[in-house]
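J.: Okay, handing you the structure first.
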Amino acid sequence: MRLRDGRRLDSVAQTELTINPNLWDEKNECVKSKAICDPKLRTETNEELRKLKGFIEREYERDKDNLDKDWLKAILVRYYHPEKFTPEGEKKQTFEQMFDEFLEKHRLSEVRKKNFRVVKRSMLRYELYVKRTKRNRKDFVLDVNDVNRDTLADMWDFFENEYKYFEKYPQIYENIPEKRTP
């Protein structure tokens, strides 16, 4: 990975991504679209690279006044080993835990809390839907830090068509039931 910021910074650091150089499109910075390879490899590599670039861009915006030659290496360590940067004994909260904390900490009427819980259950069903239906996403966890435009579009599709998925994947609704059919 190389990061340049005009004449101020030109930093290079090694990522944990590996790929056969014959499959790499240097110009487009992705796996070659016409290369013959496992589609799973192409998808996973390109997705991981997209996440990594997004993380670096967010961190760059946050730290752009404090950059030095070792900044990129430190950021890559933070990306690949986040457990080293969370306080001892503190676990990263799940979406469900964050949502419950939000409901506890904000003064809301019971009616409004009920409305929010409907949204929460829909989001949790979306998470189960992705795990069950999307190839290579069996370990999917809805993480607010990873939500992007594609995630939101996929969520919207799920919410719009939830009534179809209710019939097609009834076990999702057994795990997270709803009083009314979507």
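We name chains A, B, ... following the order of the structure tokens; residues begin at 1 in each chain, and ligands are numbered from 1 as shown.
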Mind checking DSSP for chain A and telling me the strand (DSSP E or B) residues as an mmCIF file with N, CA, C and O atoms, in the first residue's frame?
T.:
data_model
loop_
_atom_site.group_PDB
_atom_site.id
_atom_site.type_symbol
_atom_site.label_atom_id
_atom_site.label_comp_id
_atom_site.auth_asym_id
_atom_site.auth_seq_id
_atom_site.Cartn_x
_atom_site.Cartn_y
_atom_site.Cartn_z
ATOM 1 N N ARG A 2 0.546 2.194 -0.801
ATOM 2 C CA ARG A 2 1.325 3.428 -0.854
ATOM 3 C C ARG A 2 0.386 4.599 -0.635
ATOM 4 O O ARG A 2 -0.691 4.655 -1.208
ATOM 5 N N LEU A 3 0.824 5.551 0.194
ATOM 6 C CA LEU A 3 0.046 6.750 0.485
ATOM 7 C C LEU A 3 0.900 7.963 0.177
ATOM 8 O O LEU A 3 2.008 8.093 0.696
ATOM 9 N N ARG A 4 0.380 8.809 -0.682
ATOM 10 C CA ARG A 4 1.069 10.056 -1.009
ATOM 11 C C ARG A 4 0.176 11.229 -0.652
ATOM 12 O O ARG A 4 -1.021 11.213 -0.896
ATOM 13 N N ASP A 5 0.805 12.250 -0.090
ATOM 14 C CA ASP A 5 0.114 13.493 0.227
ATOM 15 C C ASP A 5 1.009 14.624 -0.273
ATOM 16 O O ASP A 5 1.758 15.218 0.503
ATOM 17 N N LEU A 9 4.169 13.796 2.250
ATOM 18 C CA LEU A 9 4.228 12.404 2.670
ATOM 19 C C LEU A 9 4.250 11.469 1.470
ATOM 20 O O LEU A 9 3.499 11.657 0.513
ATOM 21 N N ASP A 10 5.126 10.496 1.527
ATOM 22 C CA ASP A 10 5.158 9.403 0.566
ATOM 23 C C ASP A 10 5.533 8.173 1.373
ATOM 24 O O ASP A 10 6.693 7.938 1.678
ATOM 25 N N SER A 11 4.516 7.394 1.766
ATOM 26 C CA SER A 11 4.723 6.294 2.694
ATOM 27 C C SER A 11 4.285 4.981 2.049
ATOM 28 O O SER A 11 3.285 4.921 1.340
ATOM 29 N N VAL A 12 5.058 3.924 2.321
ATOM 30 C CA VAL A 12 4.751 2.594 1.813
ATOM 31 C C VAL A 12 4.719 1.634 2.994
ATOM 32 O O VAL A 12 5.583 1.697 3.867
ATOM 33 N N TRP A 24 -3.374 -9.535 -10.915
ATOM 34 C CA TRP A 24 -3.542 -8.178 -10.401
ATOM 35 C C TRP A 24 -3.564 -7.148 -11.518
ATOM 36 O O TRP A 24 -2.706 -7.128 -12.385
ATOM 37 N N ASP A 25 -4.553 -6.258 -11.502
ATOM 38 C CA ASP A 25 -4.651 -5.132 -12.427
ATOM 39 C C ASP A 25 -4.118 -3.905 -11.702
ATOM 40 O O ASP A 25 -4.814 -3.303 -10.889
ATOM 41 N N CYS A 30 -7.217 -3.736 -8.605
ATOM 42 C CA CYS A 30 -8.158 -4.797 -8.275
ATOM 43 C C CYS A 30 -7.731 -6.068 -8.997
ATOM 44 O O CYS A 30 -6.805 -6.055 -9.804
ATOM 45 N N VAL A 31 -8.426 -7.160 -8.720
ATOM 46 C CA VAL A 31 -8.179 -8.396 -9.451
ATOM 47 C C VAL A 31 -8.689 -8.187 -10.869
ATOM 48 O O VAL A 31 -9.766 -7.632 -11.079
#
J.: Any idea what's packed within 12 Å of Lys168 of chain A, counting only C-alpha atoms, ignoring anything in its chain fewer than 4 positions away? Could you give it as JSON, numbers by chain?
T.: {"A": [129, 132, 133, 161, 162, 163, 164, 172, 173]}
J.: Just the selected residues (N, CA and C atoms), exported as a compact mmCIF listing (two decimals), in the first residue's frame, please.
T.:
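Wrote selection_0.txt, looks like this:
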# COMPACT_ATOMS: atom_id res chain seq x y z
N TYR A 129 -30.87 -12.65 7.18
CA TYR A 129 -31.12 -12.84 5.75
C TYR A 129 -29.80 -12.87 4.98
N ARG A 132 -27.90 -16.05 5.60
CA ARG A 132 -28.53 -17.22 5.00
C ARG A 132 -28.48 -17.23 3.48
N THR A 133 -28.53 -16.07 2.85
CA THR A 133 -28.72 -16.04 1.40
C THR A 133 -27.52 -15.57 0.59
N ASN A 161 -38.90 -5.85 0.10
CA ASN A 161 -39.35 -7.17 -0.32
C ASN A 161 -39.46 -8.16 0.84
N GLU A 162 -39.51 -7.64 2.04
CA GLU A 162 -39.53 -8.52 3.21
C GLU A 162 -40.75 -9.45 3.19
N TYR A 163 -41.83 -9.00 2.65
CA TYR A 163 -43.02 -9.85 2.60
C TYR A 163 -42.78 -11.10 1.76
N LYS A 164 -41.90 -11.02 0.75
CA LYS A 164 -41.55 -12.20 -0.06
C LYS A 164 -40.63 -13.13 0.73
N ILE A 172 -36.06 -17.36 9.53
CA ILE A 172 -35.62 -16.02 9.97
C ILE A 172 -36.66 -15.43 10.91
N TYR A 173 -37.93 -15.63 10.56
CA TYR A 173 -39.02 -15.06 11.35
C TYR A 173 -39.33 -15.89 12.60
J.: What does the structure give for the distance between atom CA of Lys32 of chain A and atom CA of Asn136 of chain A, in Å to one decimal?
T.: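 Atom CA of Asn136 of chain A lies at a distance of 19.9 Å from atom CA of Lys32 of chain A.
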J.: Could you check which of A:Glu96, A:Asp38, A:Glu47, A:Asp68 is closest to Leu23 of chain A, using only C-alpha atoms?
T.: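 Answer, going by the shortest atom-to-atom distance: A:Asp38.
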J.: If you count only C-alpha atoms, which residues fall within 12 Å of Thr15 of chain A, apart from same-chain ones fewer than 3 positions away, as number ranges by chain?
T.: A: 1-2, 12, 18-19, 48-49, 52-53, 56, 72-81
J.: Tell me, as a PyMOL selection string, which residues lie within 12 Å of segment 138-144 of chain A, counting only C-alpha atoms; anything in the same chain fewer than 2 positions away does not count.
T.: chain A and resi 92-99+120+122-136+146-148+151-152+155
J.: From the DSSP assignment of the backbone, select every residue of segment 17-170 of chain A that is helix (DSSP H, G or I), and format the answer as a PyMOL selection string.
T.: chain A and resi 21-23+39-63+71-80+82-85+95-105+110-133+149-160+162-168+170
J.: Can you pull out the residues contacting Glu174 of chain A? Cut-off 12 Å, using only C-alpha atoms, and skip same-chain residues under 5 positions away; I want them as a PyMOL selection string.
T.: chain A and resi 121+125+128+166-167+169+179+181
J.: Measuring between only C-alpha atoms, which one of A:Arg7, A:Asn46, A:Asn20, A:Glu178 shows the shortest distance to Arg117 of chain A?
T.: A:Glu178
